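Structure data (compact mmCIF, C-alpha atoms) from protein.txt:
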```
# COMPACT_ATOMS: atom_id res chain seq x y z
CA MET A 245 18.39 7.79 21.95
CA LEU A 246 14.63 8.07 22.31
CA SER A 247 13.21 6.73 25.53
CA ARG A 248 11.59 3.35 24.91
CA GLU A 249 8.78 4.37 27.30
CA ILE A 250 7.36 7.22 25.18
CA ASN A 251 3.73 7.00 24.09
CA ILE A 252 3.36 6.35 20.35
CA LEU A 253 0.21 6.69 18.25
CA VAL A 254 0.03 4.49 15.12
CA VAL A 255 -2.52 5.62 12.51
CA ASP A 256 -3.64 3.52 9.55
CA ASP A 257 -7.03 2.51 8.16
CA VAL A 258 -5.75 -1.07 7.70
CA LYS A 259 -5.71 -2.89 11.04
CA ALA A 260 -3.12 -5.41 9.85
CA MET A 261 -0.70 -2.61 8.96
CA ARG A 262 -1.12 -0.97 12.37
CA LYS A 263 -0.19 -4.28 13.98
CA TYR A 264 2.74 -4.68 11.57
CA ILE A 265 4.15 -1.22 12.43
CA ILE A 266 3.68 -1.85 16.16
CA ARG A 267 5.52 -5.16 15.74
CA LYS A 268 8.47 -3.33 14.19
CA LEU A 269 8.48 -0.70 16.95
CA THR A 270 8.31 -3.41 19.60
CA GLY A 271 11.33 -5.04 17.99
CA LEU A 272 13.20 -1.77 18.51
CA GLY A 273 12.33 -1.79 22.22
CA PHE A 274 9.34 0.57 22.36
CA GLN A 275 6.54 -0.43 24.72
CA ASN A 276 3.58 1.98 24.80
CA PHE A 277 1.20 2.22 21.83
CA ASP A 278 -2.27 3.29 20.88
CA GLU A 279 -4.01 3.06 17.51
CA ALA A 280 -6.31 5.13 15.31
CA GLU A 281 -7.88 4.19 11.99
CA ASN A 282 -8.01 7.66 10.40
CA GLY A 283 -6.73 11.19 10.87
CA GLU A 284 -9.86 12.42 12.63
CA GLU A 285 -9.67 9.74 15.31
CA ALA A 286 -5.94 10.38 15.63
CA TRP A 287 -6.47 14.14 16.05
CA GLY A 288 -8.92 13.49 18.89
CA LYS A 289 -6.38 11.27 20.66
CA ILE A 290 -3.51 13.71 20.05
CA ASN A 291 -5.51 16.39 21.84
CA THR A 292 -5.43 14.33 25.04
CA GLY A 293 -1.81 15.46 25.26
CA LYS A 294 -0.39 12.06 26.16
CA PHE A 295 1.51 11.21 22.96
CA HIS A 296 5.14 11.93 22.11
CA LEU A 297 5.35 10.50 18.56
CA ILE A 298 2.91 9.89 15.68
CA LEU A 299 3.36 7.41 12.83
CA SER A 300 0.62 7.79 10.24
CA ASP A 301 -0.49 6.50 6.86
CA VAL A 302 -1.30 9.15 4.23
CA ASN A 303 -4.39 7.94 2.36
CA MET A 304 -7.23 7.28 4.81
CA PRO A 305 -10.98 7.94 4.82
CA ILE A 306 -12.54 10.86 6.74
CA MET A 307 -9.21 12.64 7.35
CA SER A 308 -5.89 11.88 5.65
CA GLY A 309 -2.55 11.69 7.38
CA ILE A 310 -1.40 14.95 5.80
CA GLU A 311 -4.56 16.75 6.98
CA CYS A 312 -3.92 15.45 10.49
CA LEU A 313 -0.30 16.59 10.25
CA ARG A 314 -1.42 20.09 9.25
CA ASN A 315 -3.67 20.19 12.31
CA VAL A 316 -0.74 19.23 14.51
CA ARG A 317 1.58 21.87 13.04
CA ASN A 318 -1.12 24.57 13.38
CA SER A 319 -1.74 23.71 17.04
CA VAL A 320 0.45 25.53 19.57
CA PRO A 321 0.50 22.67 22.14
CA HIS A 322 1.45 20.03 19.55
CA ARG A 323 3.24 21.80 16.70
CA ASP A 324 6.69 20.41 17.53
CA MET A 325 5.52 16.81 17.96
CA PRO A 326 7.47 14.35 15.74
CA PHE A 327 5.16 13.10 13.01
CA ILE A 328 6.33 10.36 10.63
CA LEU A 329 4.32 9.67 7.48
CA ILE A 330 4.39 6.01 6.41
CA THR A 331 2.84 5.49 2.99
CA ALA A 332 2.79 3.57 -0.26
CA GLU A 333 2.75 6.87 -2.18
CA MET A 334 6.05 7.60 -3.96
CA GLU A 335 4.87 10.32 -6.34
CA GLU A 336 6.44 13.76 -6.33
CA LYS A 337 3.07 15.42 -5.63
CA THR A 338 2.51 13.52 -2.38
CA LYS A 339 6.11 14.02 -1.26
CA ARG A 340 5.78 17.76 -1.89
CA GLU A 341 2.60 17.92 0.20
CA ALA A 342 4.33 16.05 3.03
CA GLU A 343 7.29 18.40 2.94
CA GLU A 344 5.10 21.52 2.85
CA ALA A 345 3.06 20.20 5.79
CA LYS A 346 6.35 19.79 7.70
CA ALA A 347 6.45 16.04 8.24
CA THR A 348 9.32 14.88 10.45
CA ALA A 349 10.07 11.95 8.13
CA TYR A 350 8.58 10.14 5.14
CA LEU A 351 8.87 6.35 5.00
CA VAL A 352 7.75 4.49 1.89
CA LYS A 353 6.17 1.07 2.27
CA PRO A 354 7.66 -1.47 2.29
CA PHE A 355 10.33 -0.30 4.75
CA ASN A 356 12.68 -2.30 6.93
CA ASP A 357 13.74 -2.06 10.57
CA GLU A 358 16.89 -0.12 9.66
CA ASP A 359 14.89 2.56 7.80
CA LEU A 360 12.62 3.06 10.80
CA ALA A 361 15.50 3.06 13.31
CA PHE A 362 17.35 5.67 11.20
CA GLU A 363 14.40 8.09 11.24
CA LEU A 364 13.85 7.59 14.98
CA GLU A 365 17.50 8.34 15.63
CA LYS A 366 17.15 11.65 13.77
CA ILE A 367 14.21 12.51 16.00
CA ALA A 368 16.37 11.73 19.03
CA GLU A 369 18.90 14.22 17.65
CA GLY A 370 16.23 16.95 17.59
CA VAL A 371 14.85 16.87 14.04
CA VAL A 372 11.25 18.16 14.07
CA HIS A 373 10.46 18.42 10.36
CA LEU A 374 12.05 17.81 6.98
CA ALA A 375 14.27 20.49 5.58
CA GLU A 376 13.00 22.16 2.39
CA GLY A 377 14.04 20.19 -0.67
CA THR A 378 14.66 16.93 1.20
CA LEU A 379 12.05 14.95 -0.70
CA VAL A 380 11.57 16.95 -3.90
CA SER A 381 13.40 19.63 -5.82
CA LYS A 382 11.39 22.77 -6.52
CA ASN A 383 13.22 23.16 -9.82
CA LYS A 384 12.40 19.70 -11.12
CA GLU A 385 10.71 19.92 -14.50
CA LYS A 386 7.40 18.24 -15.19
CA PRO A 387 8.11 15.02 -17.12
CA GLU A 388 7.30 14.92 -20.81
CA ILE A 389 4.33 12.68 -21.60
CA LYS A 390 5.75 9.56 -23.25
CA LYS A 391 4.14 7.08 -25.57
CA VAL A 392 4.67 3.59 -24.20
CA GLY A 393 3.40 0.38 -25.79
CA ASP A 394 1.23 -2.11 -23.94
CA GLU A 395 4.07 -4.63 -23.55
CA VAL A 396 6.40 -2.07 -21.95
CA PHE A 397 3.53 -0.90 -19.78
CA LEU A 398 2.78 -4.47 -18.68
CA ASP A 399 6.45 -5.05 -17.84
CA THR A 400 6.44 -1.86 -15.74
CA ILE A 401 3.45 -3.09 -13.73
CA LEU A 402 4.86 -6.58 -13.22
CA GLU A 403 8.24 -5.22 -12.07
CA GLY A 404 6.50 -2.89 -9.60
CA VAL A 405 4.47 -5.70 -8.06
CA GLU A 406 7.44 -8.07 -7.97
CA ASP A 407 9.79 -5.62 -6.27
CA VAL A 408 7.56 -4.14 -3.58
CA LEU A 409 5.79 -7.33 -2.54
CA SER A 410 9.08 -9.23 -2.37
CA ASP A 411 10.26 -6.61 0.13
CA GLN A 412 6.97 -6.39 2.03
CA CYS A 413 6.48 -10.14 2.48
CA GLY A 414 10.14 -11.12 2.79
CA VAL A 415 10.14 -13.50 -0.17
CA THR A 416 11.76 -13.73 -3.60
CA LEU A 417 9.01 -13.41 -6.20
CA LYS A 418 9.31 -14.34 -9.83
CA SER A 419 6.68 -13.54 -12.45
CA GLY A 420 5.67 -16.46 -14.65
CA MET A 421 4.24 -16.80 -18.15
CA THR A 422 1.31 -14.45 -18.79
CA GLN A 423 -1.98 -15.84 -20.07
CA ARG A 424 -4.58 -13.96 -22.09
CA VAL A 425 -8.24 -14.81 -21.53
CA ALA A 426 -10.55 -13.92 -24.42
CA PRO A 427 -13.57 -11.59 -24.01
CA GLY A 428 -16.60 -13.43 -22.70
CA LYS A 429 -14.48 -16.11 -21.03
CA ALA A 430 -13.85 -16.41 -17.28
CA TRP A 431 -10.69 -17.32 -15.36
CA GLY A 432 -10.33 -18.65 -11.83
CA VAL A 433 -8.50 -21.14 -9.61
CA GLN A 434 -10.04 -24.40 -8.42
CA SER A 435 -9.67 -24.41 -4.61
CA ASN A 436 -11.72 -24.10 -1.44
CA ALA A 437 -11.80 -20.28 -1.34
CA GLN A 438 -10.11 -17.17 -2.67
CA ILE A 439 -9.51 -13.59 -1.63
CA SER A 440 -8.74 -10.71 -3.98
CA SER A 441 -8.33 -6.96 -4.09
CA VAL A 442 -9.30 -4.79 -7.03
CA SER A 443 -8.58 -1.21 -8.04
CA TYR A 444 -8.98 0.93 -11.14
CA LEU A 445 -6.41 3.40 -12.49
CA ILE A 446 -7.28 6.37 -14.67
CA SER A 447 -5.18 8.83 -16.66
CA ASP A 448 -5.44 10.75 -19.93
CA ALA A 449 -3.22 8.10 -21.52
CA LYS A 450 -4.67 4.83 -20.24
CA GLU A 451 -7.31 3.25 -18.04
CA PHE A 452 -7.17 -0.23 -16.57
CA SER A 453 -8.45 -2.55 -13.86
CA ILE A 454 -5.90 -4.34 -11.68
CA ILE A 455 -6.64 -7.30 -9.41
CA ILE A 456 -4.42 -9.25 -7.04
CA TYR A 457 -5.83 -12.74 -6.47
CA PHE A 458 -4.91 -15.32 -3.80
CA ASP A 459 -5.99 -18.83 -3.01
CA GLU A 460 -6.94 -18.77 0.69
CA LYS A 461 -4.11 -21.09 1.78
CA VAL A 462 -1.52 -19.07 -0.13
CA TYR A 463 -2.85 -15.80 1.33
CA LEU A 464 -2.52 -17.18 4.86
CA ALA A 465 1.01 -18.39 4.09
CA TYR A 466 2.06 -14.90 2.90
CA ALA A 467 0.40 -13.21 5.90
CA SER A 468 2.09 -15.67 8.27
CA ARG A 469 5.45 -14.98 6.63
CA MET A 470 4.99 -11.21 6.91
CA PHE A 471 3.95 -11.22 10.58
CA GLY A 472 6.13 -14.08 11.81
CA LYS A 473 3.17 -16.02 13.23
CA GLN A 474 0.87 -18.74 11.98
CA PHE A 475 -2.64 -17.81 10.84
CA GLU A 476 -5.31 -20.48 10.56
CA ASN A 477 -8.01 -18.50 8.76
CA ILE A 478 -8.63 -15.21 6.96
CA ASP A 479 -10.51 -13.63 9.86
CA GLU A 480 -7.48 -14.18 12.09
CA ALA A 481 -5.05 -12.77 9.53
CA GLY A 482 -7.37 -9.91 8.52
CA ASP A 483 -8.99 -9.58 5.11
CA ASP A 484 -7.76 -6.01 4.59
CA LEU A 485 -4.12 -7.06 4.16
CA VAL A 486 -4.62 -8.04 0.51
CA SER A 487 -5.89 -4.52 -0.26
CA GLU A 488 -2.86 -3.04 1.48
CA TRP A 489 -0.55 -5.17 -0.66
CA LEU A 490 -2.28 -3.93 -3.79
CA ASN A 491 -2.10 -0.36 -2.49
CA ILE A 492 1.66 -0.70 -1.96
CA ALA A 493 2.07 -2.09 -5.48
CA LEU A 494 0.00 0.80 -6.87
CA GLY A 495 2.37 3.26 -5.21
CA SER A 496 5.28 1.79 -7.14
CA ILE A 497 3.32 1.62 -10.40
CA LYS A 498 2.16 5.25 -10.18
CA LYS A 499 5.69 6.40 -9.31
CA VAL A 500 6.99 5.11 -12.64
CA CYS A 501 3.93 5.98 -14.74
CA ASN A 502 3.49 9.49 -13.34
CA ASP A 503 7.02 10.65 -12.59
CA ASP A 504 8.77 8.91 -15.50
CA PHE A 505 6.07 8.66 -18.18
CA GLY A 506 4.14 11.84 -17.23
CA TRP A 507 0.75 10.11 -17.26
CA SER A 508 -0.87 11.50 -14.08
CA PHE A 509 -2.57 8.30 -12.94
CA SER A 510 -5.03 8.35 -10.06
CA ASN A 511 -6.62 5.25 -8.59
CA LEU A 512 -9.72 4.10 -6.76
CA ILE A 513 -9.17 2.84 -3.21
CA PRO A 514 -8.60 -0.94 -3.42
CA ILE A 515 -11.47 -3.08 -2.18
CA THR A 516 -11.38 -6.67 -0.91
CA ILE A 517 -13.57 -9.42 -2.35
CA LYS A 518 -13.80 -12.94 -0.88
CA GLY A 519 -15.61 -16.00 -2.16
CA LYS A 520 -15.73 -19.77 -2.39
CA GLN A 521 -15.07 -19.65 -6.14
CA LEU A 522 -14.00 -16.23 -7.40
CA ILE A 523 -13.80 -15.90 -11.16
CA ILE A 524 -12.85 -12.98 -13.37
CA GLY A 525 -13.64 -12.04 -16.95
CA SER A 526 -14.52 -9.20 -19.31
CA GLN A 527 -17.23 -8.90 -21.94
CA GLU A 528 -15.30 -6.25 -23.88
CA LYS A 529 -11.57 -7.00 -23.63
CA SER A 530 -9.21 -9.88 -23.10
CA ILE A 531 -7.74 -9.99 -19.62
CA VAL A 532 -4.09 -10.69 -18.82
CA VAL A 533 -3.31 -13.14 -16.01
CA CYS A 534 0.22 -13.33 -14.59
CA PRO A 535 1.31 -15.78 -11.86
CA PHE A 536 3.81 -14.67 -9.22
CA GLU A 537 5.70 -17.61 -7.77
CA SER A 538 7.75 -18.00 -4.59
CA SER A 539 8.63 -20.64 -2.01
CA VAL A 540 5.53 -19.53 -0.07
CA GLY A 541 3.09 -20.16 -2.93
CA THR A 542 1.71 -18.69 -6.15
CA PHE A 543 -0.72 -15.79 -6.45
CA HIS A 544 -1.97 -14.02 -9.59
CA LEU A 545 -2.17 -10.50 -10.97
CA ILE A 546 -4.99 -9.76 -13.42
CA LEU A 547 -5.10 -6.72 -15.72
CA SER A 548 -7.79 -5.47 -18.06
CA MET A 549 -7.07 -2.46 -20.26
CA GLY A 550 -9.94 -0.11 -21.02
CA ALA A 551 -12.84 1.73 -19.40
CA GLU A 552 -14.74 -1.39 -18.27
CA LYS A 553 -14.26 -1.86 -14.52
CA ILE A 554 -13.52 -5.54 -13.90
CA THR A 555 -14.56 -7.08 -10.57
CA PRO A 556 -14.28 -10.71 -9.43
CA TRP A 557 -17.54 -12.48 -8.67
CA ASP A 558 -18.35 -15.57 -6.64
CA ASN A 559 -19.45 -18.37 -8.94
CA ALA A 560 -19.76 -21.01 -6.19
CA ALA A 561 -23.46 -21.57 -6.82
CA ASN A 562 -22.88 -22.43 -10.50
CA ALA A 563 -20.76 -24.92 -12.37
CA PHE A 564 -17.26 -23.54 -12.94
```
Would you kindly transcribe this structure into structure tokens?
Amino acid sequence: MLSREINILVVDDVKAMRKYIIRKLTGLGFQNFDEAENGEEAWGKINTGKFHLILSDVNMPIMSGIECLRNVRNSVPHRDMPFILITAEMEEKTKREAEEAKATAYLVKPFNDEDLAFELEKIAEGVVHLAEGTLVSKNKEKPEIKKVGDEVFLDTILEGVEDVLSDQCGVTLKSGMTQRVAPGKAWGVQSNAQISSVSYLISDAKEFSIIIYFDEKVYLAYASRMFGKQFENIDEAGDDLVSEWLNIALGSIKKVCNDDFGWSFSNLIPITIKGKQLIIGSQEKSIVVCPFESSVGTFHLILSMGAEKITPWDNAANAF
């Protein structure tokens, strides 16, 4: 068993996720933590020589988790340090890079306490890095590019969001009836304030905007459920959590679209947008709005197919 007094460095560009991982480690009995918000900051702290274990996100600005891992493995003083990658990325390409960089373990968000405890136990048994072929098979053929209709594609996206966010937030989500909003029309929810995250996915087969949209009270309820504590406002909960939820959902969506359909999607880093009256619409295409319901509350997923990048805007100064 690993000593519960070892020094652990948690690396993630989303503050809320660093706190979430530390909460899980604390639940397993660990006591000593430090944080870094990107690979470059982490590498500087690793070089102090005081850490025994690194847990790092993959996609971060300035220096990624895999770049930081390569630095560790190429450094004589640190090359045998256990380094766990924790990421929303489930694609074969990212897994292959993690394996080649000699990660100790690869945890996909959302993960549970048992998943984390299992990987830590392997470290206690002396595992330093993944054996070749653990995550991906070198002989796996590249998937044939498939033609998939918009309805099947929409179902794939909705299933991805439903599954991963149910696990991440500890709720049972159910997608409701989709609504199509005509070009030139706007959609929004009447409430005191909203928070959303938006990204854009691009491949040779399709392009689309994807937005996850929360009423403020519902967002705080989901954040409180995830962290096991009550949040009174967005600043207390952190406004970057909604982007992390979208990022986790994108990992699931790309896994199916890229590995099963052969579409080679890439995505822009999700950004957070807040406002007193956020509305969404497109001048060129209809948008699809889907509610996701649970005992905690209802949030919405908005999709717009095509090259136009859709972004929510705050319409509080005008009549809705």
Rank nothing, just name the residue among A:Ser453, A:Ser440, A:Ser447, A:Ser526 nearest to Cys501 in chain A, using all atoms listed in the file.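 So, comparing all the options, the nearest one is A:Ser447.
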Between CA of Val533 in chain A and CA of Tyr444 in chain A, measure the distance and give it in Å to one decimal. 15.9 Å
Minimum-distance residue to Ser435 in chain A, chosen among A:His296, A:Lys520, A:Lys289, A:Arg469 (using only C-alpha atoms): A:Lys520
Distance query Gln434 in chain A at most 12 Å, all atoms listed in the file, self and fewer than 6 positions along chain excluded, as a PyMOL selection string: chain A and resi 458-460+519-523+559-560+563-564
Save the residues we just selected, C-alpha atoms, as a tab-separated table (two decimals), in the frame of the given file?
```tsv
chain	number	residue	atom	x	y	z
A	458	PHE	CA	-4.91	-15.32	-3.80
A	459	ASP	CA	-5.99	-18.83	-3.01
A	460	GLU	CA	-6.94	-18.77	0.69
A	519	GLY	CA	-15.61	-16.00	-2.16
A	520	LYS	CA	-15.73	-19.77	-2.39
A	521	GLN	CA	-15.07	-19.65	-6.14
A	522	LEU	CA	-14.00	-16.23	-7.40
A	523	ILE	CA	-13.80	-15.90	-11.16
A	559	ASN	CA	-19.45	-18.37	-8.94
A	560	ALA	CA	-19.76	-21.01	-6.19
A	563	ALA	CA	-20.76	-24.92	-12.37
A	564	PHE	CA	-17.26	-23.54	-12.94
```
Any idea what's packed within 10 Å of Leu445 in chain A, counting only C-alpha atoms, ignoring anything in its chain fewer than 6 positions away? Could you give it as a ChimeraX atom specification? /A:451-454,494,498,508-513,549-551,553
What is the CA of Trp489 in chain A-CA of Thr555 in chain A distance in Å, reported with one decimal? 17.3 Å
With distances taken over only C-alpha atoms, which residue among A:Thr422, A:Thr400, A:Asn303, A:Thr338 lies nearest Glu281 in chain A?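 Checking each of A:Thr422, A:Thr400, A:Asn303, A:Thr338 against Glu281 in chain A, counting only C-alpha atoms, the winner is A:Asn303.
Of the listed residues (A:Phe397, A:Phe543, A:Phe505, A:Phe327), A:Phe543 comes nearest to Ser441 in chain A; the distances count all atoms listed in the file.
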Thr348 in chain A environment, 10 Å, only C-alpha atoms, sequence neighbours closer than 3 positions dropped, as a list of chain:residue names: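 So, after excluding close chain neighbours, the residues are A:Ile298, A:Leu299, A:Leu313, A:Asp324, A:Met325, A:Pro326, A:Phe327, A:Ile328, A:Leu329, A:Ala342, A:Glu343, A:Ala345, A:Glu363, A:Leu364, A:Lys366, A:Ile367, A:Val371, A:Val372, A:His373, A:Leu374, A:Ala375.
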Between CA of Glu488 in chain A and CA of Ala426 in chain A - distance in Å to one decimal: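 CA of Glu488 in chain A lies at a distance of 29.1 Å from CA of Ala426 in chain A.
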Between A:Glu335, A:Asp503, A:Glu480, A:Asp558, smallest distance to Ala430 in chain A by all atoms listed in the file belongs to A:Asp558
